$ cat model.cif   # mmCIF, C-alpha atoms
data_work
#
loop_
_atom_site.label_atom_id
_atom_site.label_comp_id
_atom_site.auth_asym_id
_atom_site.auth_seq_id
_atom_site.Cartn_x
_atom_site.Cartn_y
_atom_site.Cartn_z
CA MET A 1 -57.98 97.15 -122.53
CA SER A 2 -57.67 97.14 -118.77
CA ASN A 3 -58.26 94.07 -116.66
CA ASP A 4 -61.41 95.69 -115.23
CA ALA A 5 -62.83 96.10 -118.72
CA LEU A 6 -62.04 92.48 -119.53
CA ASP A 7 -63.68 91.34 -116.28
CA ARG A 8 -66.83 93.32 -117.10
CA GLU A 9 -66.85 91.85 -120.59
CA VAL A 10 -66.62 88.31 -119.19
CA ASP A 11 -69.38 89.06 -116.68
CA THR A 12 -71.61 90.48 -119.42
CA SER A 13 -71.12 87.48 -121.69
CA ASP A 14 -71.69 85.16 -118.73
CA SER A 15 -74.95 87.00 -117.99
CA GLY A 16 -75.88 86.79 -121.64
CA PHE A 17 -75.18 83.07 -121.68
CA ARG A 18 -77.23 82.59 -118.52
CA TYR A 19 -80.08 84.63 -120.03
CA ALA A 20 -79.99 82.58 -123.24
CA GLU A 21 -79.98 79.39 -121.18
CA VAL A 22 -83.01 80.55 -119.17
CA GLN A 23 -84.79 81.69 -122.31
CA GLN A 24 -84.43 78.21 -123.80
CA SER A 25 -85.57 76.42 -120.63
CA THR A 26 -88.91 74.64 -120.53
CA GLU A 27 -89.98 76.72 -117.51
CA PHE A 28 -89.46 79.97 -119.38
CA GLN A 29 -91.20 78.64 -122.49
CA ASP A 30 -94.14 77.57 -120.34
CA LEU A 31 -94.24 81.01 -118.74
CA ARG A 32 -94.32 82.70 -122.15
CA ARG A 33 -97.02 80.29 -123.32
CA ARG A 34 -99.18 81.04 -120.27
CA PHE A 35 -98.76 84.76 -120.77
CA ARG A 36 -99.67 84.57 -124.45
CA ARG A 37 -102.69 82.35 -123.78
CA PHE A 38 -104.12 85.07 -121.59
CA VAL A 39 -102.95 88.27 -123.30
CA PHE A 40 -103.55 87.49 -126.97
CA PRO A 41 -107.21 86.46 -126.62
CA MET A 42 -107.92 89.40 -124.31
CA THR A 43 -106.29 91.78 -126.76
CA ALA A 44 -108.24 90.31 -129.68
CA LEU A 45 -111.49 90.51 -127.70
CA PHE A 46 -110.90 94.14 -126.74
CA LEU A 47 -109.90 95.15 -130.29
CA ALA A 48 -112.98 93.43 -131.73
CA TRP A 49 -115.17 95.27 -129.21
CA TYR A 50 -113.43 98.58 -129.98
CA PHE A 51 -113.71 98.18 -133.76
CA LEU A 52 -117.38 97.20 -133.39
CA TYR A 53 -117.92 100.48 -131.56
CA VAL A 54 -116.04 102.49 -134.20
CA LEU A 55 -117.78 100.77 -137.13
CA MET A 56 -121.21 101.13 -135.58
CA SER A 57 -120.51 104.80 -134.89
CA SER A 58 -119.65 105.25 -138.56
CA PHE A 59 -122.16 103.00 -140.30
CA ALA A 60 -125.05 102.54 -137.87
CA VAL A 61 -125.57 106.19 -136.98
CA ASP A 62 -129.34 105.85 -136.56
CA PHE A 63 -128.93 102.94 -134.14
CA MET A 64 -126.14 104.60 -132.17
CA SER A 65 -128.11 107.85 -131.87
CA THR A 66 -131.15 106.06 -130.42
CA LYS A 67 -131.99 107.75 -127.15
CA VAL A 68 -132.20 105.44 -124.17
CA PHE A 69 -133.22 108.00 -121.56
CA GLY A 70 -133.01 111.77 -121.66
CA GLU A 71 -130.09 112.83 -123.86
CA ILE A 72 -128.22 109.56 -123.26
CA ASN A 73 -128.01 107.50 -126.44
CA ILE A 74 -126.64 104.06 -127.29
CA GLY A 75 -123.43 105.52 -128.74
CA LEU A 76 -122.61 107.27 -125.48
CA ILE A 77 -123.30 104.11 -123.50
CA PHE A 78 -121.06 102.06 -125.84
CA GLY A 79 -118.34 104.69 -125.49
CA LEU A 80 -118.50 104.59 -121.71
CA LEU A 81 -118.48 100.80 -121.81
CA GLN A 82 -115.08 101.03 -123.54
CA PHE A 83 -113.70 102.46 -120.30
CA VAL A 84 -115.49 99.83 -118.23
CA SER A 85 -114.10 97.02 -120.39
CA THR A 86 -110.57 98.44 -120.10
CA PHE A 87 -110.78 98.42 -116.31
CA ALA A 88 -112.38 94.95 -116.31
CA ILE A 89 -109.58 93.53 -118.45
CA THR A 90 -106.98 95.16 -116.20
CA ILE A 91 -108.58 93.71 -113.08
CA ALA A 92 -108.84 90.27 -114.73
CA TYR A 93 -105.17 90.40 -115.73
CA VAL A 94 -104.00 91.41 -112.27
CA ARG A 95 -105.99 88.61 -110.64
CA TRP A 96 -104.78 86.08 -113.22
CA ALA A 97 -101.16 87.20 -112.86
CA ASP A 98 -101.33 87.07 -109.05
CA ARG A 99 -102.62 83.50 -109.13
CA HIS A 100 -100.94 81.90 -112.13
CA PHE A 101 -98.18 83.94 -113.73
CA ASP A 102 -96.33 85.66 -110.88
CA PRO A 103 -95.75 82.53 -108.75
CA ALA A 104 -94.26 80.70 -111.74
CA ALA A 105 -92.12 83.71 -112.69
CA GLU A 106 -90.92 84.04 -109.09
CA ALA A 107 -89.98 80.35 -108.95
CA LEU A 108 -88.04 80.69 -112.19
CA ARG A 109 -86.28 83.82 -110.93
CA GLU A 110 -85.28 82.09 -107.70
CA ARG A 111 -83.94 79.12 -109.63
CA VAL A 112 -81.92 81.35 -111.95
CA GLU A 113 -80.56 83.53 -109.14
CA GLY A 114 -79.80 80.46 -107.05
CA SER A 115 -77.80 78.87 -109.84
CA ALA A 116 -75.98 82.16 -110.54
CA SER A 117 -74.24 82.18 -107.18
#
$ encode --input "model.cif" --output "structure tokens"
Amino acid sequence: MSNDALDREVDTSDSGFRYAEVQQSTEFQDLRRRFRRFVFPMTALFLAWYFLYVLMSSFAVDFMSTKVFGEINIGLIFGLLQFVSTFAITIAYVRWADRHFDPAAEALRERVEGSAS
């Protein structure tokens, strides 16, 4: 093996060690916890809403085919609300990340990069 290859190997293991160290830090654990506290409930809420729509479309056909105005029925409105809820969740996540997640992630990145030099 050439010296260059050995140097790259040392650098890679050093990076791996640094990554493992960061991953075990309290700041990183807190960052993961914050992320999961937001994402998991939002995902569960969206999936529950989606499965409600699918189940009602399958088992509550009379209700879902109830006309609201003209040819627009409840099923169509629920289907369109799936798109609305997707955009709403995306907007909520972006706002939450801008205020809470990104500043903490940036501070952690700066600390890690600062200690790497």
$ closest_residue --input "model.cif" --among "A:Val68, A:Met56, A:Ile74, A:Ala97" --to "Val39 in chain A" --atoms "only C-alpha atoms"
A:Ala97
$ resolve_selection --input "model.cif" --expression "the PyMOL selection byres ((chain A and resi 78) around 12)" --output "compact mmCIF listing (two decimals) with C-alpha atoms, keeping the file's coordinate frame"
# COMPACT_ATOMS: atom_id res chain seq x y z
CA TRP A 49 -115.17 95.27 -129.21
CA TYR A 50 -113.43 98.58 -129.98
CA PHE A 51 -113.71 98.18 -133.76
CA LEU A 52 -117.38 97.20 -133.39
CA TYR A 53 -117.92 100.48 -131.56
CA VAL A 54 -116.04 102.49 -134.20
CA LEU A 55 -117.78 100.77 -137.13
CA MET A 56 -121.21 101.13 -135.58
CA SER A 57 -120.51 104.80 -134.89
CA PHE A 63 -128.93 102.94 -134.14
CA MET A 64 -126.14 104.60 -132.17
CA SER A 65 -128.11 107.85 -131.87
CA THR A 66 -131.15 106.06 -130.42
CA VAL A 68 -132.20 105.44 -124.17
CA ILE A 72 -128.22 109.56 -123.26
CA ASN A 73 -128.01 107.50 -126.44
CA ILE A 74 -126.64 104.06 -127.29
CA GLY A 75 -123.43 105.52 -128.74
CA LEU A 76 -122.61 107.27 -125.48
CA ILE A 77 -123.30 104.11 -123.50
CA GLY A 79 -118.34 104.69 -125.49
CA LEU A 80 -118.50 104.59 -121.71
CA LEU A 81 -118.48 100.80 -121.81
CA GLN A 82 -115.08 101.03 -123.54
CA PHE A 83 -113.70 102.46 -120.30
CA VAL A 84 -115.49 99.83 -118.23
CA SER A 85 -114.10 97.02 -120.39
$ closest_atom_pairs --input "model.cif" --of "range 81-116 of chain A" --to "range 25-35 of chain A" --cutoff "10 Å" --atoms "all atoms listed in the file" --output "tab-separated table"
residue	atom	partner	partner_atom	distance
A:Tyr93	CA	A:Phe35	CA	9.9
A:Trp96	CA	A:Phe35	CA	9.7
A:Ala97	CA	A:Phe35	CA	8.6
A:His100	CA	A:Arg34	CA	8.4
A:Phe101	CA	A:Leu31	CA	7.0
A:Asp102	CA	A:Leu31	CA	9.4
A:Ala104	CA	A:Leu31	CA	7.0
A:Ala105	CA	A:Leu31	CA	7.0
A:Ala107	CA	A:Glu27	CA	9.3
A:Leu108	CA	A:Glu27	CA	6.9
A:Arg109	CA	A:Phe28	CA	9.8
$ atom_distance --input "model.cif" --atom1 "CA of Asp98 in chain A" --atom2 "CA of Arg111 in chain A"
19.1 Å
$ atom_distance --input "model.cif" --atom1 "CA of Met42 in chain A" --atom2 "CA of Arg95 in chain A"
13.8 Å
$ decode --input "model.cif" --residues "range 18-31 of chain A" --atoms "all heavy atoms" --output "mmCIF file, in the first residue's frame"
data_model
loop_
_atom_site.group_PDB
_atom_site.id
_atom_site.type_symbol
_atom_site.label_atom_id
_atom_site.label_comp_id
_atom_site.auth_asym_id
_atom_site.auth_seq_id
_atom_site.Cartn_x
_atom_site.Cartn_y
_atom_site.Cartn_z
ATOM 1 N N ARG A 18 -14.570 10.748 14.628
ATOM 2 C CA ARG A 18 -15.193 12.039 14.925
ATOM 3 C C ARG A 18 -16.717 11.939 14.773
ATOM 4 O O ARG A 18 -17.465 12.446 15.600
ATOM 5 C CB ARG A 18 -14.635 13.119 14.001
ATOM 6 C CG ARG A 18 -14.904 14.503 14.506
ATOM 7 C CD ARG A 18 -14.174 15.597 13.763
ATOM 8 N NE ARG A 18 -12.998 15.172 13.044
ATOM 9 C CZ ARG A 18 -12.816 15.389 11.743
ATOM 10 N NH1 ARG A 18 -13.718 16.013 11.039
ATOM 11 N NH2 ARG A 18 -11.720 14.979 11.137
ATOM 12 N N TYR A 19 -17.154 11.258 13.710
ATOM 13 C CA TYR A 19 -18.598 11.085 13.500
ATOM 14 C C TYR A 19 -19.219 10.300 14.648
ATOM 15 O O TYR A 19 -20.267 10.671 15.162
ATOM 16 C CB TYR A 19 -18.852 10.373 12.167
ATOM 17 C CG TYR A 19 -20.309 10.116 11.927
ATOM 18 C CD1 TYR A 19 -21.155 11.140 11.516
ATOM 19 C CD2 TYR A 19 -20.861 8.862 12.153
ATOM 20 C CE1 TYR A 19 -22.508 10.922 11.313
ATOM 21 C CE2 TYR A 19 -22.212 8.630 11.952
ATOM 22 C CZ TYR A 19 -23.024 9.663 11.538
ATOM 23 O OH TYR A 19 -24.362 9.437 11.345
ATOM 24 N N ALA A 20 -18.575 9.224 15.060
ATOM 25 C CA ALA A 20 -19.094 8.418 16.174
ATOM 26 C C ALA A 20 -19.139 9.246 17.453
ATOM 27 O O ALA A 20 -20.097 9.152 18.231
ATOM 28 C CB ALA A 20 -18.240 7.173 16.365
ATOM 29 N N GLU A 21 -18.126 10.070 17.651
ATOM 30 C CA GLU A 21 -18.084 10.928 18.833
ATOM 31 C C GLU A 21 -19.247 11.927 18.817
ATOM 32 O O GLU A 21 -19.922 12.131 19.830
ATOM 33 C CB GLU A 21 -16.745 11.654 18.886
ATOM 34 C CG GLU A 21 -16.531 12.480 20.120
ATOM 35 C CD GLU A 21 -15.184 13.206 20.098
ATOM 36 O OE1 GLU A 21 -14.393 13.000 19.156
ATOM 37 O OE2 GLU A 21 -14.951 13.977 21.031
ATOM 38 N N VAL A 22 -19.474 12.535 17.670
ATOM 39 C CA VAL A 22 -20.583 13.490 17.534
ATOM 40 C C VAL A 22 -21.914 12.779 17.738
ATOM 41 O O VAL A 22 -22.800 13.278 18.427
ATOM 42 C CB VAL A 22 -20.543 14.191 16.157
ATOM 43 C CG1 VAL A 22 -21.823 14.965 15.899
ATOM 44 C CG2 VAL A 22 -19.340 15.096 16.068
ATOM 45 N N GLN A 23 -22.048 11.610 17.141
ATOM 46 C CA GLN A 23 -23.294 10.861 17.238
ATOM 47 C C GLN A 23 -23.632 10.512 18.683
ATOM 48 O O GLN A 23 -24.795 10.440 19.051
ATOM 49 C CB GLN A 23 -23.210 9.600 16.390
ATOM 50 C CG GLN A 23 -24.519 8.895 16.206
ATOM 51 C CD GLN A 23 -24.400 7.716 15.266
ATOM 52 O OE1 GLN A 23 -23.319 7.217 15.008
ATOM 53 N NE2 GLN A 23 -25.521 7.266 14.758
ATOM 54 N N GLN A 24 -22.637 10.324 19.507
ATOM 55 C CA GLN A 24 -22.864 9.979 20.910
ATOM 56 C C GLN A 24 -22.997 11.206 21.807
ATOM 57 O O GLN A 24 -23.329 11.072 22.981
ATOM 58 C CB GLN A 24 -21.730 9.088 21.408
ATOM 59 C CG GLN A 24 -21.717 7.737 20.742
ATOM 60 C CD GLN A 24 -20.469 6.940 21.057
ATOM 61 O OE1 GLN A 24 -19.620 7.376 21.811
ATOM 62 N NE2 GLN A 24 -20.363 5.769 20.459
ATOM 63 N N SER A 25 -22.781 12.392 21.262
ATOM 64 C CA SER A 25 -22.836 13.614 22.078
ATOM 65 C C SER A 25 -24.272 13.925 22.484
ATOM 66 O O SER A 25 -25.237 13.548 21.822
ATOM 67 C CB SER A 25 -22.249 14.797 21.309
ATOM 68 O OG SER A 25 -23.110 15.186 20.260
ATOM 69 N N THR A 26 -24.408 14.632 23.578
ATOM 70 C CA THR A 26 -25.739 15.008 24.070
ATOM 71 C C THR A 26 -26.426 15.971 23.104
ATOM 72 O O THR A 26 -27.643 15.924 22.952
ATOM 73 C CB THR A 26 -25.663 15.633 25.472
ATOM 74 O OG1 THR A 26 -24.770 16.742 25.446
ATOM 75 C CG2 THR A 26 -25.207 14.614 26.495
ATOM 76 N N GLU A 27 -25.634 16.835 22.437
ATOM 77 C CA GLU A 27 -26.233 17.786 21.494
ATOM 78 C C GLU A 27 -26.878 17.054 20.321
ATOM 79 O O GLU A 27 -27.983 17.391 19.904
ATOM 80 C CB GLU A 27 -25.185 18.768 20.950
ATOM 81 C CG GLU A 27 -24.603 19.695 21.983
ATOM 82 C CD GLU A 27 -23.278 19.181 22.526
ATOM 83 O OE1 GLU A 27 -23.024 17.955 22.442
ATOM 84 O OE2 GLU A 27 -22.509 19.997 23.031
ATOM 85 N N PHE A 28 -26.167 16.050 19.805
ATOM 86 C CA PHE A 28 -26.702 15.292 18.681
ATOM 87 C C PHE A 28 -27.933 14.490 19.109
ATOM 88 O O PHE A 28 -28.929 14.438 18.379
ATOM 89 C CB PHE A 28 -25.633 14.357 18.111
ATOM 90 C CG PHE A 28 -26.069 13.612 16.886
ATOM 91 C CD1 PHE A 28 -26.076 14.243 15.654
ATOM 92 C CD2 PHE A 28 -26.490 12.301 16.960
ATOM 93 C CE1 PHE A 28 -26.482 13.564 14.510
ATOM 94 C CE2 PHE A 28 -26.892 11.614 15.829
ATOM 95 C CZ PHE A 28 -26.892 12.244 14.598
ATOM 96 N N GLN A 29 -27.870 13.884 20.273
ATOM 97 C CA GLN A 29 -29.013 13.122 20.779
ATOM 98 C C GLN A 29 -30.226 14.029 20.957
ATOM 99 O O GLN A 29 -31.350 13.655 20.648
ATOM 100 C CB GLN A 29 -28.659 12.426 22.100
ATOM 101 C CG GLN A 29 -27.570 11.376 21.975
ATOM 102 C CD GLN A 29 -27.945 10.252 21.032
ATOM 103 O OE1 GLN A 29 -29.071 9.801 20.994
ATOM 104 N NE2 GLN A 29 -26.968 9.797 20.261
ATOM 105 N N ASP A 30 -29.983 15.242 21.458
ATOM 106 C CA ASP A 30 -31.081 16.199 21.614
ATOM 107 C C ASP A 30 -31.653 16.597 20.256
ATOM 108 O O ASP A 30 -32.871 16.710 20.098
ATOM 109 C CB ASP A 30 -30.585 17.445 22.357
ATOM 110 C CG ASP A 30 -31.691 18.443 22.593
ATOM 111 O OD1 ASP A 30 -32.745 18.037 23.128
ATOM 112 O OD2 ASP A 30 -31.507 19.628 22.247
ATOM 113 N N LEU A 31 -30.784 16.767 19.283
ATOM 114 C CA LEU A 31 -31.224 17.114 17.928
ATOM 115 C C LEU A 31 -32.098 16.002 17.344
ATOM 116 O O LEU A 31 -33.160 16.266 16.780
ATOM 117 C CB LEU A 31 -29.994 17.339 17.056
ATOM 118 C CG LEU A 31 -30.110 18.211 15.837
ATOM 119 C CD1 LEU A 31 -30.664 19.572 16.183
ATOM 120 C CD2 LEU A 31 -28.742 18.354 15.187
#
